[in-house]
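S.K.: Please find run39.pdb (PDB, C-alpha atoms, pLDDT in the B column) on the next line:
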ATOM      1  CA  MET O   1     132.343  25.364 179.101  1.00 78.00           C
ATOM      2  CA  PRO O   2     134.324  23.078 176.826  1.00 84.00           C
ATOM      3  CA  LEU O   3     137.256  22.490 179.189  1.00 89.00           C
ATOM      4  CA  LYS O   4     138.458  19.096 180.402  1.00 91.00           C
ATOM      5  CA  HIS O   5     138.659  20.162 184.043  1.00 92.00           C
ATOM      6  CA  VAL O   6     135.029  21.348 183.856  1.00 91.00           C
ATOM      7  CA  ALA O   7     133.962  18.027 182.353  1.00 94.00           C
ATOM      8  CA  ASN O   8     135.823  16.188 185.138  1.00 95.00           C
ATOM      9  CA  ARG O   9     133.986  18.213 187.817  1.00 92.00           C
ATOM     10  CA  GLU O  10     130.619  17.757 186.106  1.00 94.00           C
ATOM     11  CA  ALA O  11     131.199  13.984 185.854  1.00 95.00           C
ATOM     12  CA  LYS O  12     131.812  13.868 189.611  1.00 96.00           C
ATOM     13  CA  VAL O  13     128.596  15.820 190.202  1.00 95.00           C
ATOM     14  CA  VAL O  14     126.593  13.447 187.997  1.00 96.00           C
ATOM     15  CA  ALA O  15     128.103  10.395 189.718  1.00 97.00           C
ATOM     16  CA  HIS O  16     127.324  11.819 193.159  1.00 97.00           C
ATOM     17  CA  ASN O  17     123.750  12.736 192.202  1.00 97.00           C
ATOM     18  CA  LEU O  18     123.080   9.293 190.748  1.00 97.00           C
ATOM     19  CA  ARG O  19     124.305   7.646 193.952  1.00 98.00           C
ATOM     20  CA  HIS O  20     122.678  10.161 196.301  1.00 98.00           C
ATOM     21  CA  PRO O  21     119.353  11.354 194.830  1.00 97.00           C
ATOM     22  CA  ASP O  22     118.339  12.823 198.198  1.00 98.00           C
ATOM     23  CA  ASP O  23     121.545  14.875 198.489  1.00 98.00           C
ATOM     24  CA  LEU O  24     121.964  16.564 195.114  1.00 97.00           C
ATOM     25  CA  VAL O  25     124.940  18.816 194.433  1.00 96.00           C
ATOM     26  CA  SER O  26     125.816  21.096 191.531  1.00 95.00           C
ATOM     27  CA  ALA O  27     128.921  22.455 189.868  1.00 93.00           C
ATOM     28  CA  ASP O  28     129.579  26.170 190.238  1.00 90.00           C
ATOM     29  CA  HIS O  29     130.913  27.727 187.033  1.00 91.00           C
ATOM     30  CA  ASP O  30     131.613  31.246 188.330  1.00 88.00           C
ATOM     31  CA  LEU O  31     135.361  30.799 188.831  1.00 93.00           C
ATOM     32  CA  VAL O  32     136.508  28.332 186.200  1.00 95.00           C
ATOM     33  CA  PRO O  33     140.184  28.848 185.431  1.00 97.00           C
ATOM     34  CA  ALA O  34     141.498  28.553 181.901  1.00 97.00           C
ATOM     35  CA  ALA O  35     144.961  28.269 180.416  1.00 97.00           C
ATOM     36  CA  VAL O  36     146.472  28.420 176.974  1.00 97.00           C
ATOM     37  CA  PHE O  37     149.604  26.311 176.708  1.00 97.00           C
ATOM     38  CA  THR O  38     151.440  28.525 174.272  1.00 97.00           C
ATOM     39  CA  GLN O  39     154.861  30.065 174.651  1.00 96.00           C
ATOM     40  CA  PRO O  40     154.387  32.071 176.842  1.00 97.00           C
ATOM     41  CA  GLN O  41     151.503  30.470 178.710  1.00 98.00           C
ATOM     42  CA  ILE O  42     148.348  32.479 179.412  1.00 98.00           C
ATOM     43  CA  ALA O  43     146.048  31.791 182.367  1.00 98.00           C
ATOM     44  CA  SER O  44     142.968  33.466 183.770  1.00 98.00           C
ATOM     45  CA  VAL O  45     140.177  33.140 186.276  1.00 98.00           C
ATOM     46  CA  GLY O  46     137.199  35.370 186.992  1.00 97.00           C
ATOM     47  CA  VAL O  47     136.384  38.615 185.239  1.00 97.00           C
ATOM     48  CA  THR O  48     138.474  40.941 183.095  1.00 97.00           C
ATOM     49  CA  GLU O  49     138.748  44.696 183.531  1.00 97.00           C
ATOM     50  CA  GLN O  50     136.432  45.158 180.564  1.00 98.00           C
ATOM     51  CA  GLU O  51     133.822  42.915 182.194  1.00 97.00           C
ATOM     52  CA  CYS O  52     134.155  44.917 185.427  1.00 97.00           C
ATOM     53  CA  ARG O  53     133.511  48.135 183.502  1.00 97.00           C
ATOM     54  CA  ASP O  54     130.617  46.598 181.535  1.00 98.00           C
ATOM     55  CA  ARG O  55     128.982  45.385 184.777  1.00 97.00           C
ATOM     56  CA  GLY O  56     129.605  48.671 186.599  1.00 98.00           C
ATOM     57  CA  LEU O  57     131.749  46.960 189.232  1.00 97.00           C
ATOM     58  CA  ASP O  58     134.063  48.982 191.434  1.00 97.00           C
ATOM     59  CA  TYR O  59     137.515  47.389 191.323  1.00 98.00           C
ATOM     60  CA  VAL O  60     141.212  47.961 191.911  1.00 98.00           C
ATOM     61  CA  VAL O  61     144.073  46.513 189.900  1.00 98.00           C
ATOM     62  CA  GLY O  62     147.379  45.088 191.112  1.00 98.00           C
ATOM     63  CA  THR O  63     150.154  44.140 188.726  1.00 98.00           C
ATOM     64  CA  ALA O  64     153.648  42.707 188.877  1.00 98.00           C
ATOM     65  CA  GLY O  65     156.140  41.777 186.205  1.00 98.00           C
ATOM     66  CA  TYR O  66     158.096  38.574 186.179  1.00 98.00           C
ATOM     67  CA  ASP O  67     161.268  40.653 186.080  1.00 97.00           C
ATOM     68  CA  ASP O  68     160.243  42.276 189.389  1.00 95.00           C
ATOM     69  CA  VAL O  69     161.061  39.041 191.242  1.00 97.00           C
ATOM     70  CA  ALA O  70     164.398  37.263 191.536  1.00 97.00           C
ATOM     71  CA  TYR O  71     163.354  34.136 189.625  1.00 97.00           C
ATOM     72  CA  GLY O  72     161.878  36.115 186.739  1.00 97.00           C
ATOM     73  CA  TRP O  73     164.912  38.387 186.658  1.00 97.00           C
ATOM     74  CA  ALA O  74     167.192  35.321 186.498  1.00 97.00           C
ATOM     75  CA  MET O  75     165.055  33.999 183.619  1.00 96.00           C
ATOM     76  CA  GLU O  76     165.519  37.383 181.914  1.00 96.00           C
ATOM     77  CA  ASP O  77     161.753  37.500 181.415  1.00 95.00           C
ATOM     78  CA  THR O  78     160.840  41.104 180.658  1.00 96.00           C
ATOM     79  CA  THR O  79     157.355  40.399 179.292  1.00 97.00           C
ATOM     80  CA  GLY O  80     155.661  38.045 181.793  1.00 98.00           C
ATOM     81  CA  PHE O  81     153.182  39.561 184.238  1.00 98.00           C
ATOM     82  CA  CYS O  82     150.467  38.906 186.792  1.00 98.00           C
ATOM     83  CA  LYS O  83     147.395  41.111 187.117  1.00 98.00           C
ATOM     84  CA  VAL O  84     144.754  40.774 189.815  1.00 98.00           C
ATOM     85  CA  LEU O  85     141.408  42.535 190.143  1.00 98.00           C
ATOM     86  CA  ALA O  86     139.780  42.953 193.519  1.00 98.00           C
ATOM     87  CA  GLU O  87     136.839  44.677 195.129  1.00 98.00           C
ATOM     88  CA  PRO O  88     137.965  47.803 197.016  1.00 97.00           C
ATOM     89  CA  GLY O  89     137.397  47.629 200.745  1.00 94.00           C
ATOM     90  CA  THR O  90     136.748  43.896 200.980  1.00 97.00           C
ATOM     91  CA  GLY O  91     139.676  42.693 198.862  1.00 97.00           C
ATOM     92  CA  ARG O  92     137.452  40.028 197.330  1.00 97.00           C
ATOM     93  CA  LEU O  93     139.243  38.677 194.271  1.00 98.00           C
ATOM     94  CA  LEU O  94     137.263  39.297 191.095  1.00 98.00           C
ATOM     95  CA  GLY O  95     139.731  38.085 188.492  1.00 98.00           C
ATOM     96  CA  ALA O  96     143.349  37.264 187.761  1.00 98.00           C
ATOM     97  CA  HIS O  97     145.362  37.041 184.581  1.00 98.00           C
ATOM     98  CA  LEU O  98     148.897  35.845 183.964  1.00 98.00           C
ATOM     99  CA  MET O  99     151.103  35.646 180.932  1.00 98.00           C
ATOM    100  CA  GLY O 100     154.484  33.977 181.130  1.00 98.00           C
ATOM    101  CA  ALA O 101     156.279  30.825 182.141  1.00 97.00           C
ATOM    102  CA  GLU O 102     154.185  28.469 184.288  1.00 98.00           C
ATOM    103  CA  ALA O 103     151.154  30.797 184.206  1.00 98.00           C
ATOM    104  CA  SER O 104     148.838  27.770 184.378  1.00 98.00           C
ATOM    105  CA  THR O 105     150.436  26.780 187.693  1.00 98.00           C
ATOM    106  CA  LEU O 106     150.954  30.253 189.130  1.00 98.00           C
ATOM    107  CA  ILE O 107     147.258  31.098 188.872  1.00 98.00           C
ATOM    108  CA  GLN O 108     146.238  28.240 191.168  1.00 98.00           C
ATOM    109  CA  PRO O 109     146.685  30.095 194.512  1.00 98.00           C
ATOM    110  CA  LEU O 110     144.434  32.819 193.110  1.00 98.00           C
ATOM    111  CA  VAL O 111     141.847  30.242 192.013  1.00 98.00           C
ATOM    112  CA  VAL O 112     141.851  28.688 195.487  1.00 97.00           C
ATOM    113  CA  ALA O 113     141.593  32.067 197.227  1.00 98.00           C
ATOM    114  CA  ALA O 114     138.766  33.311 195.004  1.00 97.00           C
ATOM    115  CA  THR O 115     136.862  30.026 195.339  1.00 96.00           C
ATOM    116  CA  LEU O 116     137.205  29.886 199.125  1.00 97.00           C
ATOM    117  CA  GLY O 117     136.601  33.597 199.698  1.00 97.00           C
ATOM    118  CA  ILE O 118     140.111  34.406 200.909  1.00 98.00           C
ATOM    119  CA  ASP O 119     140.624  38.142 200.420  1.00 98.00           C
ATOM    120  CA  ALA O 120     143.655  39.587 198.639  1.00 97.00           C
ATOM    121  CA  THR O 121     145.305  40.998 201.772  1.00 96.00           C
ATOM    122  CA  THR O 122     145.008  37.717 203.657  1.00 97.00           C
ATOM    123  CA  LEU O 123     146.407  35.791 200.709  1.00 98.00           C
ATOM    124  CA  ALA O 124     149.298  38.227 200.271  1.00 97.00           C
ATOM    125  CA  GLU O 125     150.266  38.573 203.916  1.00 97.00           C
ATOM    126  CA  SER O 126     149.350  35.332 205.715  1.00 97.00           C
ATOM    127  CA  PRO O 127     151.234  32.499 204.004  1.00 96.00           C
ATOM    128  CA  TYR O 128     154.974  32.476 203.451  1.00 97.00           C
ATOM    129  CA  TRP O 129     155.887  32.974 199.797  1.00 97.00           C
ATOM    130  CA  ILE O 130     159.039  31.020 198.912  1.00 97.00           C
ATOM    131  CA  HIS O 131     162.010  33.113 197.813  1.00 97.00           C
ATOM    132  CA  PRO O 132     163.310  32.974 195.196  1.00 97.00           C
ATOM    133  CA  ALA O 133     160.339  31.392 193.468  1.00 97.00           C
ATOM    134  CA  LEU O 134     158.239  32.598 190.589  1.00 97.00           C
ATOM    135  CA  THR O 135     155.154  32.609 192.847  1.00 98.00           C
ATOM    136  CA  GLU O 136     156.463  35.899 194.242  1.00 98.00           C
ATOM    137  CA  VAL O 137     155.019  37.545 191.143  1.00 98.00           C
ATOM    138  CA  VAL O 138     151.551  36.596 192.448  1.00 98.00           C
ATOM    139  CA  GLU O 139     152.389  37.920 195.909  1.00 98.00           C
ATOM    140  CA  ASN O 140     153.664  41.212 194.464  1.00 98.00           C
ATOM    141  CA  ALA O 141     150.553  41.699 192.312  1.00 98.00           C
ATOM    142  CA  LEU O 142     148.388  41.153 195.401  1.00 98.00           C
ATOM    143  CA  LEU O 143     150.461  43.614 197.424  1.00 97.00           C
ATOM    144  CA  ASP O 144     150.200  46.133 194.587  1.00 98.00           C
ATOM    145  CA  LEU O 145     146.416  46.254 195.104  1.00 96.00           C
ATOM    146  CA  GLY O 146     146.929  48.294 198.267  1.00 81.00           C
ATOM    147  CA  ARG O 147     149.289  50.846 196.748  1.00 78.00           C
TER     148      ARG O 147
END
Please go through the file and, once you have read it, give me the structure as structure tokens.

M.R.:
Amino acid sequence: MPLKHVANREAKVVAHNLRHPDDLVSADHDLVPAAVFTQPQIASVGVTEQECRDRGLDYVVGTAGYDDVAYGWAMEDTTGFCKVLAEPGTGRLLGAHLMGAEASTLIQPLVVAATLGIDATTLAESPYWIHPALTEVVENALLDLGR
């Protein structure tokens, strides 16, 4: 994957393996996030709906618009959105996609949750989500999975 953050991780793996040949590690490339720094920004991690269909995966979709949260409404952003894909029953995050201001930052809680195996319900309901902050769009997309 030709992304700088992937190269950084792979360099750390190589350095570790050179120093510790009896304790080799590898880099997992299943959940590599990506961002396009356009206006608006675009960010993603994991699979798309099309990939879910192509692989025959059972999934549910949660969405939220930027204008559904106070910060997005104040920005008058009527086009930004967050979409999350999760496995029904377990809530395991399969993918997430954002388009709008700060998408490359807003996707990070979803990257962390997917990487560490934190299910969608736990991520939505356990931590406090600051109000009014744009991260509420992520929270609302997660909560929309259960509707």

S.K.: Take CA of Leu143 (chain O) and CA of Ala43 (chain O) and report the distance between them in Å, one decimal.

M.R.: 19.6 Å

S.K.: Tell me, in Å to one decimal, how far CA of Asp58 (chain O) is from CA of Ala86 (chain O).

M.R.: 8.6 Å

S.K.: For the point (153.3, 42.4, 186.4) in the file's frame, write as a list in words all residues with an atom no more than 6 Å away, counting all atoms listed in the file.

M.R.: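 Output: Thr63, Ala64, Gly65, Phe81 and Cys82 of chain O.
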
S.K.: Pull the neighbourhood of (136.1, 32.5, 198.5) for me: all residues within 12 Å in file coordinates, counting only C-alpha atoms, as a ChimeraX atom specification.

M.R.: /O:30-31,46,90-94,109-120,122-123

S.K.: Out of O:His29, O:His20, O:His131, O:Lys83, which residue has the shortest atom-to-atom distance to Ala7 (chain O) when counting all atoms listed in the file?

M.R.: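 For Ala7 (chain O), the nearest of the given residues is O:His29.
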
S.K.: Evaluating the PyMOL selection byres ((chain O and resi 39) around 12) on the displayed file yields which residues, as a ChimeraX atom specification?

M.R.: /O:35-38,40-43,79-80,99-104

S.K.: If you measure from CA of Trp129 (chain O) to CA of Met75 (chain O), what distance in Å do you get, rounded to one decimal?

M.R.: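 Here the two named atoms are 18.6 Å from each other.
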